[in-house]
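The structure appears right after this line, and notes come after that.
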Amino acid sequence: MEGPYQHEASDSAYQFTKAAIAKGHEILRVFFYQDGVLNSNKLMDPQADDRHIQKQWSALGTENNIDFIVCVAAAKRRGINDTVTAEGFTIGGLGMLTELAIEADRLVEFRA
Amino acid sequence: MEGPYQHEASDSAYQFTKAAIAKGHEILRVFFYQDGVLNSNKLMDPQADDRHIQKQWSALGTENNIDFIVCVAAAKRRGINDTVTAEGFTIGGLGMLTELAIEADRLVEFRA
Amino acid sequence: MVVFRTAPYGGNYSFEGLENVLIMGAYDQDVSVLFIDDGVLAIKKGMDNSGTGIKDFSPTFRALEAYDIEKIFIDRESMESRGVSLEDLVIEPEVIEANAVEKMMEEQKNFFMF
Amino acid sequence: MVVFRTAPYGGNYSFEGLENVLIMGAYDQDVSVLFIDDGVLAIKKGMDNSGTGIKDFSPTFRALEAYDIEKIFIDRESMESRGVSLEDLVIEPEVIEANAVEKMMEEQKNFFMF
Amino acid sequence: MLHLVNKSPFESMGFEDCLKYAAKGSSILFYEDGIYGALPGTAIADRMASVTSDYKVYVLKEDMMLRGIDKIMDGITEVDYAGFVGLVEENKTASW
Amino acid sequence: MLHLVNKSPFESMGFEDCLKYAAKGSSILFYEDGIYGALPGTAIADRMASVTSDYKVYVLKEDMMLRGIDKIMDGITEVDYAGFVGLVEENKTASW
């Protein structure tokens, strides 16, 4: 996934997740890797008339009990650690993506 | 500019700046905008056998008195503020890019 | 000069390019704006962000004239290959041919591509 | 399955894709690896990062067999159009035709593209 | 299989790459900048007409709206995000 | 003018876009993934041969090394980062 505000991938992933929940699907997990890890940064402070991508995710996660996993390897390289990740985002290993591939019925990648 | 570790743009900009200095050029300023603002993040913690992009910039800047300007609008959206920017990086307005366009003899953009 | 050459929204180049144009205008620079390649799609009429919540920047393009930014150009071939005509756009740039582009760039002290 | 389809270094997809392959191998998954399009360039021999300092990941590709990852495929047409032959590569994938790709994907429970 | 195409066909080979591998009869969804592939009257309209006869081609309505696109070629079906989810229910997906 | 091309010509139209606007005799530098345009024996080698007769074409050595590329087409000149700086001294640059 590419970074929020830089590419549309974060927005598309959010809208898709929301629509899947609205249709009654259980979202196992959203896994953020590559620049997607930047979605978790609570220091984001966009202009008042723009969406706040991290807060959108957090609200969706709280309401629907979704695990947001931030890939640790990708995050460390990009200066994301638990001092800046918002509540609801957990830093975890790539292995959790493998588990997701094993458990999930469907897996959709939002790439740049 | 695109983000460090995600695209090569940050590395290319760094190598180019270094080569220009080696040839005796005065680098007025390096302006980081779009995902390029992420270059300034001192929380970066890449694997031990990989380069540390922020530290590379900082070392180059200290040795050669280069202004590193991080675009404030781009930075705020992406969760970069002065709690995470490394020494030597200054958050500044897009106007400084305009000034650069007025003053600099040459301007090179490193894009994704 | 600011050159727009990428499609809007998929990447944020057009948005940050537009911020740049406005600032240059505020510095009283004699700003030119040029739309080529997928950049011609950035000024399409009828943008509606109600389905995605992504910030719609077309009102700002419409306001360029208010900032005294009046030298606005667009590449004919880029429009034609994308099925876009002047009536589809929120502003009315002057149509130029591809072979005029490099000359316009050379005449600038410096220019940016987004 | 992990599909590599982008050129190395310009973007970091191949690098993060490779990390993914290794983890899947560590989970004892029966991992397949497929190189298509510009992905065939990710396993070129002779990479030398002394001019750029960017991390060279080709030794890790060479180590895939050590991780018992042996189902490695490459698209013939992608190699040919890029002037790449098997001797140019750090590993020796099995060459397949483009029309086998969708079928391979369908046979997987899930797959990733990088 | 559902093939997701999110890049402009005027700037990226992603769409052509996808066609190289996609079996006839498969589904293709244009979203993000990929939606420009559905524009009528373009330089690639003839190419796209042959694609719509071999594949089921969809385009994401929300991304069309965002970009001010309201006309699309014959043979391409508009879906909204709920429809996107529906396509994913029925198919494995490949992201180009 | 110096035109900078940093994307793979097999995946991006950036190089063809650049040629649309670049005046004959101008300089073009391939760097990052753009260096693949200099590979011999590819599907675009004929196209590239005609480009090298109309333009001064350069390729960045450090990015070739990084990618394991040591052979390039006739008519293309290798430069290192110092050479890149030299080209920028002599030309305004456009980044595609």
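Scheme for the structure tokens: letters A, B, ... for chains in order shown; per-chain residue numbers from 1; ligand numbers from 1 in order shown.
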Problem set entry | All helix (DSSP H, G or I) residues (DSSP, backbone) inside chain A, as a ChimeraX atom specification | /A:9-22,34-40,53-64,72-77,95-103
May I have the residues from that selection written out with N, CA and C atoms, as a compact mmCIF listing (two decimals), in the first residue's frame?
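Contents of the output file again.txt:
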# COMPACT_ATOMS: atom_id res chain seq x y z
N ALA A 9 -4.65 4.98 -2.49
CA ALA A 9 -4.79 3.62 -1.97
C ALA A 9 -5.40 3.57 -0.57
N SER A 10 -4.97 4.46 0.32
CA SER A 10 -5.49 4.46 1.70
C SER A 10 -6.99 4.76 1.72
N ASP A 11 -7.40 5.72 0.90
CA ASP A 11 -8.82 6.06 0.83
C ASP A 11 -9.64 4.91 0.27
N SER A 12 -9.12 4.29 -0.78
CA SER A 12 -9.86 3.18 -1.39
C SER A 12 -9.99 2.03 -0.41
N ALA A 13 -8.92 1.73 0.30
CA ALA A 13 -8.96 0.62 1.27
C ALA A 13 -9.98 0.93 2.36
N TYR A 14 -10.02 2.18 2.80
CA TYR A 14 -10.99 2.57 3.83
C TYR A 14 -12.42 2.44 3.32
N GLN A 15 -12.70 2.96 2.14
CA GLN A 15 -14.06 2.89 1.60
C GLN A 15 -14.49 1.45 1.36
N PHE A 16 -13.55 0.63 0.90
CA PHE A 16 -13.87 -0.77 0.64
C PHE A 16 -14.19 -1.48 1.96
N THR A 17 -13.38 -1.24 2.98
CA THR A 17 -13.60 -1.87 4.28
C THR A 17 -14.97 -1.48 4.84
N LYS A 18 -15.28 -0.20 4.73
CA LYS A 18 -16.56 0.30 5.22
C LYS A 18 -17.72 -0.38 4.48
N ALA A 19 -17.59 -0.49 3.16
CA ALA A 19 -18.67 -1.10 2.36
C ALA A 19 -18.82 -2.58 2.70
N ALA A 20 -17.71 -3.26 2.95
CA ALA A 20 -17.77 -4.69 3.29
C ALA A 20 -18.48 -4.88 4.62
N ILE A 21 -18.19 -4.01 5.59
CA ILE A 21 -18.86 -4.09 6.89
C ILE A 21 -20.36 -3.83 6.71
N ALA A 22 -20.68 -2.83 5.90
CA ALA A 22 -22.10 -2.49 5.66
C ALA A 22 -22.84 -3.68 5.06
N GLN A 34 4.40 -1.45 3.66
CA GLN A 34 5.03 -0.44 2.83
C GLN A 34 4.65 0.94 3.37
N ASP A 35 4.43 1.92 2.48
CA ASP A 35 4.06 3.25 2.97
C ASP A 35 2.69 3.26 3.64
N GLY A 36 1.94 2.19 3.50
CA GLY A 36 0.65 2.09 4.18
C GLY A 36 0.77 2.23 5.69
N VAL A 37 1.93 1.91 6.26
CA VAL A 37 2.14 2.03 7.71
C VAL A 37 1.91 3.48 8.18
N LEU A 38 2.06 4.42 7.28
CA LEU A 38 1.91 5.83 7.65
C LEU A 38 0.47 6.19 8.00
N ASN A 39 -0.48 5.33 7.62
CA ASN A 39 -1.88 5.53 7.99
C ASN A 39 -2.08 5.60 9.51
N SER A 40 -1.18 4.99 10.26
CA SER A 40 -1.35 4.86 11.70
C SER A 40 -0.86 6.08 12.48
N ILE A 53 -7.30 10.89 7.67
CA ILE A 53 -7.30 9.47 7.31
C ILE A 53 -7.11 8.57 8.53
N GLN A 54 -6.19 8.93 9.42
CA GLN A 54 -5.98 8.07 10.60
C GLN A 54 -7.24 8.01 11.45
N LYS A 55 -7.89 9.17 11.67
CA LYS A 55 -9.09 9.17 12.52
C LYS A 55 -10.24 8.39 11.88
N GLN A 56 -10.32 8.44 10.55
CA GLN A 56 -11.34 7.64 9.87
C GLN A 56 -11.15 6.16 10.19
N TRP A 57 -9.92 5.70 10.05
CA TRP A 57 -9.63 4.29 10.35
C TRP A 57 -9.97 3.97 11.80
N SER A 58 -9.51 4.84 12.72
CA SER A 58 -9.69 4.55 14.14
C SER A 58 -11.17 4.43 14.48
N ALA A 59 -11.99 5.35 13.93
CA ALA A 59 -13.42 5.30 14.21
C ALA A 59 -14.02 3.99 13.69
N LEU A 60 -13.64 3.62 12.49
CA LEU A 60 -14.16 2.38 11.89
C LEU A 60 -13.74 1.17 12.71
N GLY A 61 -12.49 1.20 13.18
CA GLY A 61 -11.97 0.07 13.95
C GLY A 61 -12.67 -0.09 15.28
N THR A 62 -12.89 1.03 15.97
CA THR A 62 -13.53 0.98 17.28
C THR A 62 -14.96 0.46 17.16
N GLU A 63 -15.68 0.96 16.16
CA GLU A 63 -17.08 0.55 16.01
C GLU A 63 -17.23 -0.91 15.62
N ASN A 64 -16.22 -1.46 14.95
CA ASN A 64 -16.41 -2.78 14.36
C ASN A 64 -15.39 -3.82 14.81
N VAL A 72 5.90 -4.23 11.23
CA VAL A 72 7.00 -3.66 12.02
C VAL A 72 8.22 -3.32 11.17
N ALA A 73 8.57 -4.18 10.23
CA ALA A 73 9.76 -3.93 9.42
C ALA A 73 9.58 -2.67 8.58
N ALA A 74 8.42 -2.57 7.94
CA ALA A 74 8.13 -1.40 7.11
C ALA A 74 8.05 -0.14 7.98
N ALA A 75 7.46 -0.29 9.17
CA ALA A 75 7.26 0.86 10.05
C ALA A 75 8.58 1.41 10.56
N LYS A 76 9.48 0.54 10.98
CA LYS A 76 10.75 1.01 11.55
C LYS A 76 11.54 1.83 10.54
N ARG A 77 11.62 1.32 9.31
CA ARG A 77 12.33 2.06 8.27
C ARG A 77 11.75 3.45 8.07
N GLY A 95 4.50 -11.94 9.80
CA GLY A 95 3.85 -13.23 9.99
C GLY A 95 2.34 -13.10 10.11
N MET A 96 1.89 -11.97 10.62
CA MET A 96 0.45 -11.77 10.74
C MET A 96 -0.20 -11.64 9.38
N LEU A 97 0.57 -11.21 8.40
CA LEU A 97 0.04 -11.17 7.03
C LEU A 97 -0.07 -12.59 6.48
N THR A 98 0.92 -13.40 6.81
CA THR A 98 0.85 -14.81 6.41
C THR A 98 -0.36 -15.49 7.04
N GLU A 99 -0.57 -15.23 8.34
CA GLU A 99 -1.74 -15.81 9.00
C GLU A 99 -3.02 -15.37 8.32
N LEU A 100 -3.04 -14.11 7.94
CA LEU A 100 -4.21 -13.57 7.25
C LEU A 100 -4.44 -14.33 5.94
N ALA A 101 -3.35 -14.58 5.23
CA ALA A 101 -3.48 -15.29 3.95
C ALA A 101 -4.00 -16.70 4.17
N ILE A 102 -3.67 -17.28 5.32
CA ILE A 102 -4.12 -18.64 5.62
C ILE A 102 -5.59 -18.64 6.03
N GLU A 103 -5.96 -17.65 6.87
CA GLU A 103 -7.30 -17.66 7.45
C GLU A 103 -8.38 -17.00 6.60
Exercise. Taking only C-alpha atoms into account, what are the residues of chain B at most 6 Å from chain D, put as a PyMOL selection string?
Worked result: chain B and resi 6-8+50
Would you mind listing, for every residue of chain F within 12 Å of chain D, the two atoms forming the shortest contact and the distance between them in Å to one decimal, using only C-alpha atoms, sorted by chain and ascending residue number, as a tab-separated table?
residue	atom	partner	partner_atom	distance
F:Val5	CA	D:Gly10	CA	11.7
F:Asn6	CA	D:Gly10	CA	7.9
F:Lys7	CA	D:Gly10	CA	7.6
F:Ser8	CA	D:Ala7	CA	7.5
F:Pro9	CA	D:Asp38	CA	9.8
F:Phe10	CA	D:Asp38	CA	7.2
F:Glu11	CA	D:Asp38	CA	7.4
F:Ser12	CA	D:Asp38	CA	10.9
F:Tyr31	CA	D:Gly10	CA	9.2
F:Glu32	CA	D:Gly10	CA	5.4
F:Asp33	CA	D:Gly10	CA	5.3
F:Gly34	CA	D:Gly10	CA	8.7
F:Ile35	CA	D:Gly10	CA	10.2
F:Tyr36	CA	D:Arg82	CA	8.1
F:Gly37	CA	D:Arg82	CA	9.2
F:Ala38	CA	D:Arg82	CA	10.4
F:Leu39	CA	D:Gly83	CA	7.2
F:Pro40	CA	D:Gly83	CA	6.7
F:Gly41	CA	D:Gly83	CA	4.9
F:Thr42	CA	D:Gly83	CA	4.5
F:Ala43	CA	D:Ser81	CA	4.6
F:Ile44	CA	D:Ser81	CA	7.8
F:Ala45	CA	D:Gly83	CA	9.3
F:Leu60	CA	D:Gly51	CA	10.3
F:Lys61	CA	D:Gly51	CA	8.2
F:Glu62	CA	D:Gly51	CA	4.8
F:Asp63	CA	D:Thr52	CA	7.4
F:Met64	CA	D:Met47	CA	8.5
F:Met65	CA	D:Asp48	CA	5.1
F:Leu66	CA	D:Asp48	CA	4.8
F:Arg67	CA	D:Met47	CA	5.1
F:Gly68	CA	D:Met47	CA	3.9
F:Ile69	CA	D:Gly46	CA	7.4
F:Asp70	CA	D:Gly46	CA	8.4
F:Lys71	CA	D:Gly83	CA	10.9
F:Ile72	CA	D:Gly83	CA	11.1
F:Met73	CA	D:Gly83	CA	11.5
F:Asp80	CA	D:Gly51	CA	8.9
F:Tyr81	CA	D:Gly51	CA	8.9
F:Ala82	CA	D:Gly51	CA	11.6
Tell me, which residues of region 23-98 of chain A carry DSSP strand (DSSP E), written as a PDB file with all heavy atoms, in the first residue's frame?
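Saved the output as states-v6.pdb:
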ATOM      1  N   ARG A  29      -9.017  -8.359   9.569  1.00  0.00           N
ATOM      2  CA  ARG A  29      -7.833  -7.592   9.902  1.00  0.00           C
ATOM      3  C   ARG A  29      -7.498  -6.690   8.721  1.00  0.00           C
ATOM      4  O   ARG A  29      -7.716  -7.068   7.573  1.00  0.00           O
ATOM      5  CB  ARG A  29      -6.677  -8.589  10.103  1.00  0.00           C
ATOM      6  CG  ARG A  29      -5.415  -8.018  10.638  1.00  0.00           C
ATOM      7  CD  ARG A  29      -4.408  -9.127  10.856  1.00  0.00           C
ATOM      8  NE  ARG A  29      -4.719  -9.949  12.019  1.00  0.00           N
ATOM      9  CZ  ARG A  29      -4.101 -11.106  12.301  1.00  0.00           C
ATOM     10  NH1 ARG A  29      -3.179 -11.572  11.471  1.00  0.00           N
ATOM     11  NH2 ARG A  29      -4.412 -11.789  13.376  1.00  0.00           N
ATOM     12  N   VAL A  30      -7.003  -5.500   9.011  1.00  0.00           N
ATOM     13  CA  VAL A  30      -6.419  -4.692   7.952  1.00  0.00           C
ATOM     14  C   VAL A  30      -4.926  -4.635   8.241  1.00  0.00           C
ATOM     15  O   VAL A  30      -4.506  -4.297   9.355  1.00  0.00           O
ATOM     16  CB  VAL A  30      -7.021  -3.269   7.888  1.00  0.00           C
ATOM     17  CG1 VAL A  30      -6.373  -2.464   6.770  1.00  0.00           C
ATOM     18  CG2 VAL A  30      -8.536  -3.327   7.693  1.00  0.00           C
ATOM     19  N   PHE A  31      -4.158  -5.032   7.249  1.00  0.00           N
ATOM     20  CA  PHE A  31      -2.709  -5.087   7.424  1.00  0.00           C
ATOM     21  C   PHE A  31      -2.071  -3.943   6.636  1.00  0.00           C
ATOM     22  O   PHE A  31      -2.267  -3.835   5.429  1.00  0.00           O
ATOM     23  CB  PHE A  31      -2.172  -6.433   6.928  1.00  0.00           C
ATOM     24  CG  PHE A  31      -0.747  -6.679   7.314  1.00  0.00           C
ATOM     25  CD1 PHE A  31      -0.450  -7.298   8.524  1.00  0.00           C
ATOM     26  CD2 PHE A  31       0.297  -6.277   6.492  1.00  0.00           C
ATOM     27  CE1 PHE A  31       0.873  -7.512   8.909  1.00  0.00           C
ATOM     28  CE2 PHE A  31       1.617  -6.485   6.874  1.00  0.00           C
ATOM     29  CZ  PHE A  31       1.902  -7.107   8.081  1.00  0.00           C
ATOM     30  N   PHE A  32      -1.316  -3.086   7.332  1.00  0.00           N
ATOM     31  CA  PHE A  32      -0.677  -1.941   6.692  1.00  0.00           C
ATOM     32  C   PHE A  32       0.799  -2.234   6.485  1.00  0.00           C
ATOM     33  O   PHE A  32       1.532  -2.459   7.446  1.00  0.00           O
ATOM     34  CB  PHE A  32      -0.824  -0.693   7.557  1.00  0.00           C
ATOM     35  CG  PHE A  32      -2.252  -0.255   7.756  1.00  0.00           C
ATOM     36  CD1 PHE A  32      -3.004  -0.738   8.819  1.00  0.00           C
ATOM     37  CD2 PHE A  32      -2.852   0.617   6.868  1.00  0.00           C
ATOM     38  CE1 PHE A  32      -4.326  -0.346   8.992  1.00  0.00           C
ATOM     39  CE2 PHE A  32      -4.172   1.018   7.031  1.00  0.00           C
ATOM     40  CZ  PHE A  32      -4.917   0.537   8.101  1.00  0.00           C
ATOM     41  N   ASP A  67      -8.940  -5.452  13.852  1.00  0.00           N
ATOM     42  CA  ASP A  67      -7.506  -5.364  14.151  1.00  0.00           C
ATOM     43  C   ASP A  67      -6.802  -4.577  13.068  1.00  0.00           C
ATOM     44  O   ASP A  67      -6.876  -4.938  11.885  1.00  0.00           O
ATOM     45  CB  ASP A  67      -6.889  -6.779  14.077  1.00  0.00           C
ATOM     46  CG  ASP A  67      -6.873  -7.456  15.411  1.00  0.00           C
ATOM     47  OD1 ASP A  67      -7.359  -6.866  16.389  1.00  0.00           O
ATOM     48  OD2 ASP A  67      -6.376  -8.598  15.455  1.00  0.00           O
ATOM     49  N   PHE A  68      -6.110  -3.511  13.441  1.00  0.00           N
ATOM     50  CA  PHE A  68      -5.249  -2.825  12.478  1.00  0.00           C
ATOM     51  C   PHE A  68      -3.804  -3.178  12.798  1.00  0.00           C
ATOM     52  O   PHE A  68      -3.288  -2.796  13.856  1.00  0.00           O
ATOM     53  CB  PHE A  68      -5.417  -1.311  12.550  1.00  0.00           C
ATOM     54  CG  PHE A  68      -6.776  -0.828  12.155  1.00  0.00           C
ATOM     55  CD1 PHE A  68      -7.450   0.107  12.924  1.00  0.00           C
ATOM     56  CD2 PHE A  68      -7.382  -1.295  11.002  1.00  0.00           C
ATOM     57  CE1 PHE A  68      -8.708   0.556  12.555  1.00  0.00           C
ATOM     58  CE2 PHE A  68      -8.638  -0.852  10.623  1.00  0.00           C
ATOM     59  CZ  PHE A  68      -9.309   0.075  11.406  1.00  0.00           C
ATOM     60  N   ILE A  69      -3.177  -3.906  11.892  1.00  0.00           N
ATOM     61  CA  ILE A  69      -1.792  -4.313  12.134  1.00  0.00           C
ATOM     62  C   ILE A  69      -0.853  -3.513  11.238  1.00  0.00           C
ATOM     63  O   ILE A  69      -1.061  -3.405  10.037  1.00  0.00           O
ATOM     64  CB  ILE A  69      -1.597  -5.816  11.852  1.00  0.00           C
ATOM     65  CG1 ILE A  69      -2.634  -6.635  12.604  1.00  0.00           C
ATOM     66  CG2 ILE A  69      -0.179  -6.240  12.214  1.00  0.00           C
ATOM     67  CD1 ILE A  69      -2.516  -6.585  14.100  1.00  0.00           C
ATOM     68  N   VAL A  70       0.159  -2.955  11.848  1.00  0.00           N
ATOM     69  CA  VAL A  70       1.154  -2.159  11.138  1.00  0.00           C
ATOM     70  C   VAL A  70       2.428  -2.996  11.061  1.00  0.00           C
ATOM     71  O   VAL A  70       2.956  -3.421  12.086  1.00  0.00           O
ATOM     72  CB  VAL A  70       1.421  -0.846  11.902  1.00  0.00           C
ATOM     73  CG1 VAL A  70       2.509  -0.038  11.227  1.00  0.00           C
ATOM     74  CG2 VAL A  70       0.133  -0.033  12.028  1.00  0.00           C
ATOM     75  N   CYS A  71       2.894  -3.248   9.854  1.00  0.00           N
ATOM     76  CA  CYS A  71       4.063  -4.119   9.664  1.00  0.00           C
ATOM     77  C   CYS A  71       5.305  -3.506  10.307  1.00  0.00           C
ATOM     78  O   CYS A  71       5.717  -2.388   9.964  1.00  0.00           O
ATOM     79  CB  CYS A  71       4.308  -4.324   8.178  1.00  0.00           C
ATOM     80  SG  CYS A  71       5.853  -5.158   7.821  1.00  0.00           S
ATOM     81  N   PHE A  89      -4.154   0.820  16.519  1.00  0.00           N
ATOM     82  CA  PHE A  89      -3.161   0.267  15.591  1.00  0.00           C
ATOM     83  C   PHE A  89      -2.113  -0.492  16.398  1.00  0.00           C
ATOM     84  O   PHE A  89      -1.575   0.034  17.375  1.00  0.00           O
ATOM     85  CB  PHE A  89      -2.461   1.375  14.812  1.00  0.00           C
ATOM     86  CG  PHE A  89      -3.321   2.059  13.786  1.00  0.00           C
ATOM     87  CD1 PHE A  89      -4.123   3.136  14.136  1.00  0.00           C
ATOM     88  CD2 PHE A  89      -3.329   1.624  12.467  1.00  0.00           C
ATOM     89  CE1 PHE A  89      -4.918   3.776  13.193  1.00  0.00           C
ATOM     90  CE2 PHE A  89      -4.115   2.254  11.515  1.00  0.00           C
ATOM     91  CZ  PHE A  89      -4.915   3.341  11.876  1.00  0.00           C
ATOM     92  N   THR A  90      -1.829  -1.715  16.012  1.00  0.00           N
ATOM     93  CA  THR A  90      -0.837  -2.522  16.699  1.00  0.00           C
ATOM     94  C   THR A  90       0.316  -2.810  15.754  1.00  0.00           C
ATOM     95  O   THR A  90       0.088  -3.225  14.611  1.00  0.00           O
ATOM     96  CB  THR A  90      -1.445  -3.877  17.126  1.00  0.00           C
ATOM     97  OG1 THR A  90      -2.687  -3.605  17.770  1.00  0.00           O
ATOM     98  CG2 THR A  90      -0.518  -4.632  18.040  1.00  0.00           C
ATOM     99  N   ILE A  91       1.525  -2.601  16.225  1.00  0.00           N
ATOM    100  CA  ILE A  91       2.676  -2.941  15.399  1.00  0.00           C
ATOM    101  C   ILE A  91       2.916  -4.438  15.506  1.00  0.00           C
ATOM    102  O   ILE A  91       2.966  -4.992  16.611  1.00  0.00           O
ATOM    103  CB  ILE A  91       3.906  -2.111  15.825  1.00  0.00           C
ATOM    104  CG1 ILE A  91       3.615  -0.624  15.545  1.00  0.00           C
ATOM    105  CG2 ILE A  91       5.156  -2.574  15.085  1.00  0.00           C
ATOM    106  CD1 ILE A  91       4.734   0.321  15.905  1.00  0.00           C
ATOM    107  N   GLY A  92       2.997  -5.102  14.375  1.00  0.00           N
ATOM    108  CA  GLY A  92       3.148  -6.553  14.404  1.00  0.00           C
ATOM    109  C   GLY A  92       4.003  -7.047  13.250  1.00  0.00           C
ATOM    110  O   GLY A  92       4.311  -6.304  12.329  1.00  0.00           O
TER     111      GLY A  92
END
Exercise. From the set B:Arg78, B:Arg111, B:Lys42, B:Arg106, which residue has the shortest atom-to-atom contact distance to Met1 (chain F), counting only C-alpha atoms?
Worked result: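 Closest candidate: B:Arg106.
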Seminar exercise, completed: Atom pair CA of Met113 (chain C) + CA of Glu2 (chain B), distance 13.6 Å
For this session: Using only C-alpha atoms, pick whichever of B:Gly24, B:Leu94, B:Asn41, B:Gly3 has the shortest atom-to-atom distance to chain F.
Result: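 The answer is B:Gly24, which sits nearest to chain F.
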For this session: Could you check how far CA of Glu97 (chain D) sits from CA of Ile72 (chain D), in Å to one decimal?
Result: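 Calculated distance between CA of Glu97 (chain D) and CA of Ile72 (chain D) is 13.5 Å.
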